[in-house]
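The data block below is upload-v7.txt; it holds compact mmCIF, C-alpha atoms.
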# COMPACT_ATOMS: atom_id res chain seq x y z
CA LYS A 1 0.00 0.00 0.00
CA GLN A 2 1.43 3.36 -1.08
CA GLU A 3 2.24 5.75 1.76
CA VAL A 4 3.37 9.33 1.27
CA THR A 5 5.20 11.23 3.99
CA GLN A 6 6.21 14.87 4.09
CA ILE A 7 8.93 16.36 6.25
CA PRO A 8 8.96 18.72 8.01
CA ALA A 9 5.33 18.94 9.16
CA ALA A 10 5.74 22.66 9.80
CA LEU A 11 8.33 25.27 8.94
CA SER A 12 8.68 28.92 9.90
CA VAL A 13 11.34 31.03 8.18
CA PRO A 14 12.22 34.68 7.60
CA GLU A 15 11.55 36.21 4.22
CA GLY A 16 14.27 35.70 1.62
CA GLU A 17 15.38 32.22 2.66
CA ASN A 18 15.66 29.36 0.20
CA LEU A 19 13.61 26.35 1.33
CA VAL A 20 13.48 22.64 0.70
CA LEU A 21 10.34 20.63 1.37
CA ASN A 22 10.63 16.86 1.32
CA CYS A 23 8.25 14.15 0.16
CA SER A 24 8.87 10.41 0.32
CA PHE A 25 6.77 7.51 -0.97
CA THR A 26 6.99 3.79 -0.30
CA ASP A 27 6.12 2.34 -3.73
CA SER A 28 8.25 3.56 -6.63
CA ALA A 29 5.68 2.37 -9.22
CA ILE A 30 4.17 5.80 -9.67
CA TYR A 31 2.76 7.37 -12.81
CA ASN A 32 3.56 10.95 -11.86
CA LEU A 33 3.91 13.25 -8.85
CA GLN A 34 2.14 16.54 -8.24
CA TRP A 35 2.86 19.37 -5.79
CA PHE A 36 0.02 21.58 -4.54
CA ARG A 37 -0.42 24.49 -2.19
CA GLN A 38 -3.48 24.96 -0.02
CA ASP A 39 -4.28 28.28 1.61
CA PRO A 40 -6.39 28.20 4.81
CA GLY A 41 -10.03 27.54 4.02
CA LYS A 42 -9.31 27.31 0.30
CA GLY A 43 -8.97 24.69 -2.38
CA LEU A 44 -5.79 23.22 -3.81
CA THR A 45 -3.67 25.02 -6.35
CA SER A 46 -1.51 22.85 -8.56
CA LEU A 47 2.12 24.00 -8.57
CA LEU A 48 4.06 21.42 -10.54
CA LEU A 49 3.55 18.04 -12.13
CA ILE A 50 6.51 15.71 -12.69
CA GLN A 51 6.03 12.71 -14.95
CA SER A 52 7.67 9.48 -13.76
CA SER A 53 10.20 9.70 -16.61
CA GLN A 54 11.29 13.22 -15.62
CA ARG A 55 13.86 14.28 -13.03
CA GLU A 56 12.67 17.82 -12.37
CA GLN A 57 10.27 20.61 -13.24
CA THR A 58 10.58 24.35 -12.74
CA SER A 59 8.04 27.13 -12.49
CA GLY A 60 9.27 30.57 -11.49
CA ARG A 61 10.86 30.36 -8.04
CA LEU A 62 9.77 26.74 -7.63
CA ASN A 63 11.76 23.69 -8.62
CA ALA A 64 10.61 20.14 -7.97
CA SER A 65 12.82 17.09 -8.36
CA LEU A 66 11.93 13.44 -8.49
CA ASP A 67 14.06 10.39 -7.68
CA LYS A 68 11.67 7.53 -8.32
CA SER A 69 14.07 4.74 -7.43
CA SER A 70 14.65 6.12 -3.94
CA GLY A 71 11.03 7.20 -3.50
CA ARG A 72 11.75 10.89 -2.99
CA SER A 73 10.75 14.28 -4.27
CA THR A 74 11.80 17.71 -3.12
CA LEU A 75 10.21 21.10 -3.66
CA TYR A 76 12.71 23.93 -3.66
CA ILE A 77 11.40 27.46 -3.09
CA ALA A 78 13.86 30.23 -3.86
CA ALA A 79 13.85 33.60 -2.13
CA SER A 80 10.75 32.89 -0.05
CA GLN A 81 8.10 35.59 0.43
CA PRO A 82 5.28 36.03 2.97
CA GLY A 83 2.84 35.22 0.16
CA ASP A 84 4.35 31.72 0.00
CA SER A 85 2.82 30.96 3.42
CA ALA A 86 0.48 28.00 2.94
CA THR A 87 0.32 24.24 3.34
CA TYR A 88 2.25 22.38 0.65
CA LEU A 89 1.00 18.96 -0.36
CA CYS A 90 2.76 16.30 -2.34
CA ALA A 91 0.70 13.62 -4.10
CA VAL A 92 1.70 10.61 -6.17
CA VAL A 93 -0.43 9.15 -8.92
CA ASP A 94 -0.58 5.39 -9.27
CA ASN A 95 -1.48 3.47 -12.41
CA THR A 96 -5.21 3.79 -11.62
CA ASP A 97 -4.91 7.60 -11.89
CA LYS A 98 -5.52 7.92 -8.16
CA LEU A 99 -3.82 10.79 -6.27
CA ILE A 100 -2.38 9.62 -2.95
CA PHE A 101 -1.61 12.59 -0.76
CA GLY A 102 1.06 13.23 1.80
CA THR A 103 0.42 14.74 5.19
CA GLY A 104 1.54 18.23 4.13
CA THR A 105 4.08 20.81 5.24
CA ARG A 106 2.69 23.97 6.81
CA LEU A 107 4.94 26.85 5.80
CA GLN A 108 5.03 30.28 7.36
CA VAL A 109 7.28 32.98 5.92
CA PHE A 110 7.51 36.05 8.12
CA PRO A 111 8.65 39.52 7.02
CA ASP B 1 -13.99 31.77 -16.07
CA THR B 2 -13.79 29.33 -13.16
CA ALA B 3 -12.22 26.03 -14.17
CA VAL B 4 -13.71 23.67 -11.56
CA SER B 5 -16.68 24.93 -9.56
CA GLN B 6 -18.66 23.40 -6.72
CA THR B 7 -21.94 24.27 -5.07
CA PRO B 8 -22.70 24.87 -2.33
CA LYS B 9 -19.57 26.22 -0.64
CA TYR B 10 -20.99 25.52 2.82
CA LEU B 11 -23.58 22.95 3.82
CA VAL B 12 -24.93 22.59 7.36
CA THR B 13 -27.51 19.87 7.97
CA GLN B 14 -28.94 17.49 10.54
CA MET B 15 -28.02 13.84 10.96
CA GLY B 16 -30.16 11.55 8.85
CA ASN B 17 -30.79 14.06 6.06
CA ASP B 18 -29.96 13.53 2.39
CA LYS B 19 -27.89 16.15 0.58
CA SER B 20 -26.16 16.72 -2.76
CA ILE B 21 -23.04 18.57 -3.83
CA LYS B 22 -22.63 19.63 -7.44
CA CYS B 23 -19.43 19.93 -9.45
CA GLU B 24 -18.82 21.32 -12.91
CA GLN B 25 -15.65 21.74 -14.95
CA ASN B 26 -15.19 23.80 -18.12
CA LEU B 27 -11.71 22.51 -18.97
CA GLY B 28 -12.87 19.86 -21.40
CA HIS B 29 -11.38 17.11 -19.22
CA ASP B 30 -12.54 13.52 -19.51
CA THR B 31 -12.00 12.51 -15.86
CA MET B 32 -13.52 13.88 -12.66
CA TYR B 33 -12.91 12.99 -9.03
CA TRP B 34 -14.26 13.45 -5.52
CA TYR B 35 -11.85 13.77 -2.59
CA LYS B 36 -12.57 14.08 1.13
CA GLN B 37 -10.45 16.17 3.50
CA ASP B 38 -11.02 15.19 7.10
CA SER B 39 -10.64 17.23 10.28
CA LYS B 40 -6.92 16.45 10.37
CA LYS B 41 -6.59 17.93 6.87
CA PHE B 42 -5.78 14.56 5.30
CA LEU B 43 -7.01 14.25 1.70
CA LYS B 44 -8.23 10.96 0.32
CA ILE B 45 -9.85 9.99 -2.96
CA MET B 46 -13.43 8.74 -2.90
CA PHE B 47 -14.43 8.27 -6.55
CA SER B 48 -13.32 8.96 -10.07
CA TYR B 49 -15.26 8.95 -13.32
CA ASN B 50 -13.86 8.77 -16.83
CA ASN B 51 -16.23 9.68 -19.66
CA LYS B 52 -19.19 9.24 -17.30
CA GLU B 53 -18.05 5.78 -16.17
CA LEU B 54 -16.99 4.94 -12.62
CA ILE B 55 -13.34 3.86 -12.53
CA ILE B 56 -12.38 4.27 -8.87
CA ASN B 57 -14.53 3.59 -5.81
CA GLU B 58 -12.40 3.67 -2.67
CA THR B 59 -14.52 1.56 -0.32
CA VAL B 60 -16.78 4.48 0.36
CA PRO B 61 -20.07 3.61 2.17
CA ASN B 62 -22.90 3.10 -0.29
CA ARG B 63 -24.70 6.05 1.31
CA PHE B 64 -22.45 8.06 -1.03
CA SER B 65 -23.56 7.90 -4.65
CA PRO B 66 -21.78 9.85 -7.36
CA LYS B 67 -23.63 10.67 -10.55
CA SER B 68 -22.14 11.93 -13.79
CA PRO B 69 -24.81 13.17 -16.22
CA ASP B 70 -22.11 14.23 -18.70
CA LYS B 71 -18.34 14.64 -18.89
CA ALA B 72 -18.45 18.15 -17.44
CA HIS B 73 -20.44 17.30 -14.31
CA LEU B 74 -19.96 14.99 -11.36
CA ASN B 75 -22.41 15.29 -8.50
CA LEU B 76 -22.21 13.65 -5.09
CA HIS B 77 -25.34 12.57 -3.30
CA ILE B 78 -25.16 11.51 0.34
CA ASN B 79 -27.99 9.65 2.05
CA SER B 80 -28.65 9.38 5.80
CA LEU B 81 -25.89 11.77 6.79
CA GLU B 82 -23.81 10.89 9.85
CA LEU B 83 -21.65 13.02 12.14
CA GLY B 84 -18.52 11.40 10.68
CA ASP B 85 -19.40 12.71 7.22
CA SER B 86 -18.46 16.22 8.35
CA ALA B 87 -15.48 17.21 6.20
CA VAL B 88 -14.47 19.31 3.23
CA TYR B 89 -15.29 17.64 -0.08
CA PHE B 90 -13.24 18.57 -3.14
CA CYS B 91 -14.06 17.92 -6.75
CA ALA B 92 -11.22 17.72 -9.28
CA SER B 93 -10.79 17.08 -12.98
CA SER B 94 -8.04 16.10 -15.38
CA GLN B 95 -7.38 14.63 -18.76
CA LEU B 96 -6.73 11.04 -17.69
CA GLY B 97 -3.17 10.68 -16.41
CA THR B 98 -2.33 14.37 -16.37
CA GLU B 99 -2.40 17.26 -13.90
CA GLN B 100 -5.48 17.37 -11.67
CA PHE B 101 -7.25 20.67 -11.03
CA PHE B 102 -9.31 21.15 -7.89
CA GLY B 103 -12.47 23.03 -7.07
CA PRO B 104 -12.77 25.36 -4.05
CA GLY B 105 -14.31 22.71 -1.81
CA THR B 106 -17.62 22.23 -0.01
CA ARG B 107 -17.50 22.32 3.79
CA LEU B 108 -20.13 19.90 5.09
CA THR B 109 -21.13 20.09 8.74
CA VAL B 110 -23.49 17.45 10.12
CA LEU B 111 -25.15 18.35 13.42

Re-express the file's structure as structure tokens.
Amino acid sequence: KQEVTQIPAALSVPEGENLVLNCSFTDSAIYNLQWFRQDPGKGLTSLLLIQSSQREQTSGRLNASLDKSSGRSTLYIAASQPGDSATYLCAVVDNTDKLIFGTGTRLQVFP
Amino acid sequence: DTAVSQTPKYLVTQMGNDKSIKCEQNLGHDTMYWYKQDSKKFLKIMFSYNNKELIINETVPNRFSPKSPDKAHLNLHINSLELGDSAVYFCASSQLGTEQFFGPGTRLTVL
């Protein structure tokens, strides 16, 4: 059974820092991996999708990497801003197109 | 030009009642999903439909019945509501195997 874990559970940093959020999964037979952010009381916003054949994806200040064989993905946020404060969720997609979510990392960036 | 929309946003009801949540997507996707986010903020898939056909049913009680009248709509009907059904329900859509886009969520409170 696929299990997805995110470390750390919470993170509080000053503005301007570069951050790394970690995601690990137990079954490497994934179809793709998706990173989301969720603001309090809101829905999920898709940030990046990495196909299983890819090693990384970039969007603006965000860079996500994938190491399928070791069951790991990282989300790198450069030059963090207060507007980046949110919960970040990692989810893997199995071959039934089902998203299996991690437990999330709650990020707070203070000015 | 909302991509995935849900109604209602909030739903407060008594135990034992029957209620429905509606979802519509205008992205032209062929697959739609329902996810449940519990009080601990953990997200889990409930159902998915591809071209109006059920492809995933994650051992959800049969009090929950999804209905897809067409590719752009996936409604969720819940019979005999219980206290444990209180959660936020998210609808999502994708082209099968690609990035999933989420609606804003429906917060269901059962009293």

Using 6 Å as the limit and counting all atoms listed in the file, can you tabulate each residue of chain B that touches chain A, with its shortest atom-to-atom distance in Å and the two atoms involved, as a tab-separated table?
residue	atom	partner	partner_atom	distance
B:Gly97	CA	A:Asp97	CA	5.7
B:Phe102	CA	A:Leu44	CA	5.8
B:Pro104	CA	A:Gly43	CA	4.2
B:Gly105	CA	A:Gly43	CA	5.7

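If you look at atom CA of B:Phe101 and atom CA of B:Leu74, they are 13.9 Å away from each other.
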
Enclosing box along x, y and z for every listed atom of stretch 46-63 of chain A, padded 5 Å each side, centre and size in Å, one decimal, as JSON:
{"center_x": 6.2, "center_y": 20.0, "center_z": -12.1, "size_x": 25.4, "size_y": 31.1, "size_z": 19.0}

Q) Between atom CA of A:Gln57 and atom CA of A:Gln108, what is the spacing in Å? A)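 So the two atoms, atom CA of A:Gln108 and atom CA of A:Gln57, lie 23.4 Å apart.
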
If you count only C-alpha atoms, which residues fall within 8 Å of A:Pro111, apart from same-chain ones fewer than 6 positions away, as a short mmCIF file (atom, residue, chain, number, x, y, z; two decimals) with C-alpha atoms, keeping the file's coordinate frame?
data_model
loop_
_atom_site.label_atom_id
_atom_site.label_comp_id
_atom_site.auth_asym_id
_atom_site.auth_seq_id
_atom_site.Cartn_x
_atom_site.Cartn_y
_atom_site.Cartn_z
CA PRO A 14 12.22 34.68 7.60
CA GLU A 15 11.55 36.21 4.22
CA GLN A 81 8.10 35.59 0.43
CA PRO A 82 5.28 36.03 2.97
#

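If you look at atom CA of B:Gln14 and atom CA of B:Asn79, they are 11.6 Å away from each other.
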
Q.
Set the distance at 7 Å and use only C-alpha atoms: which residues neighbour A:Val13 once local chain neighbours fewer than 3 positions away are removed? I'd like the list as a VMD selection string.
A. chain A and resid 17 108 to 110

(Q) List as a count of residues only the protein and nucleic acid residues near stretch 50-60 of chain B, meaning an atom at most 10 Å away when all atoms listed in the file are counted, but skip any in the same chain fewer than 4 places from it. (A) 27
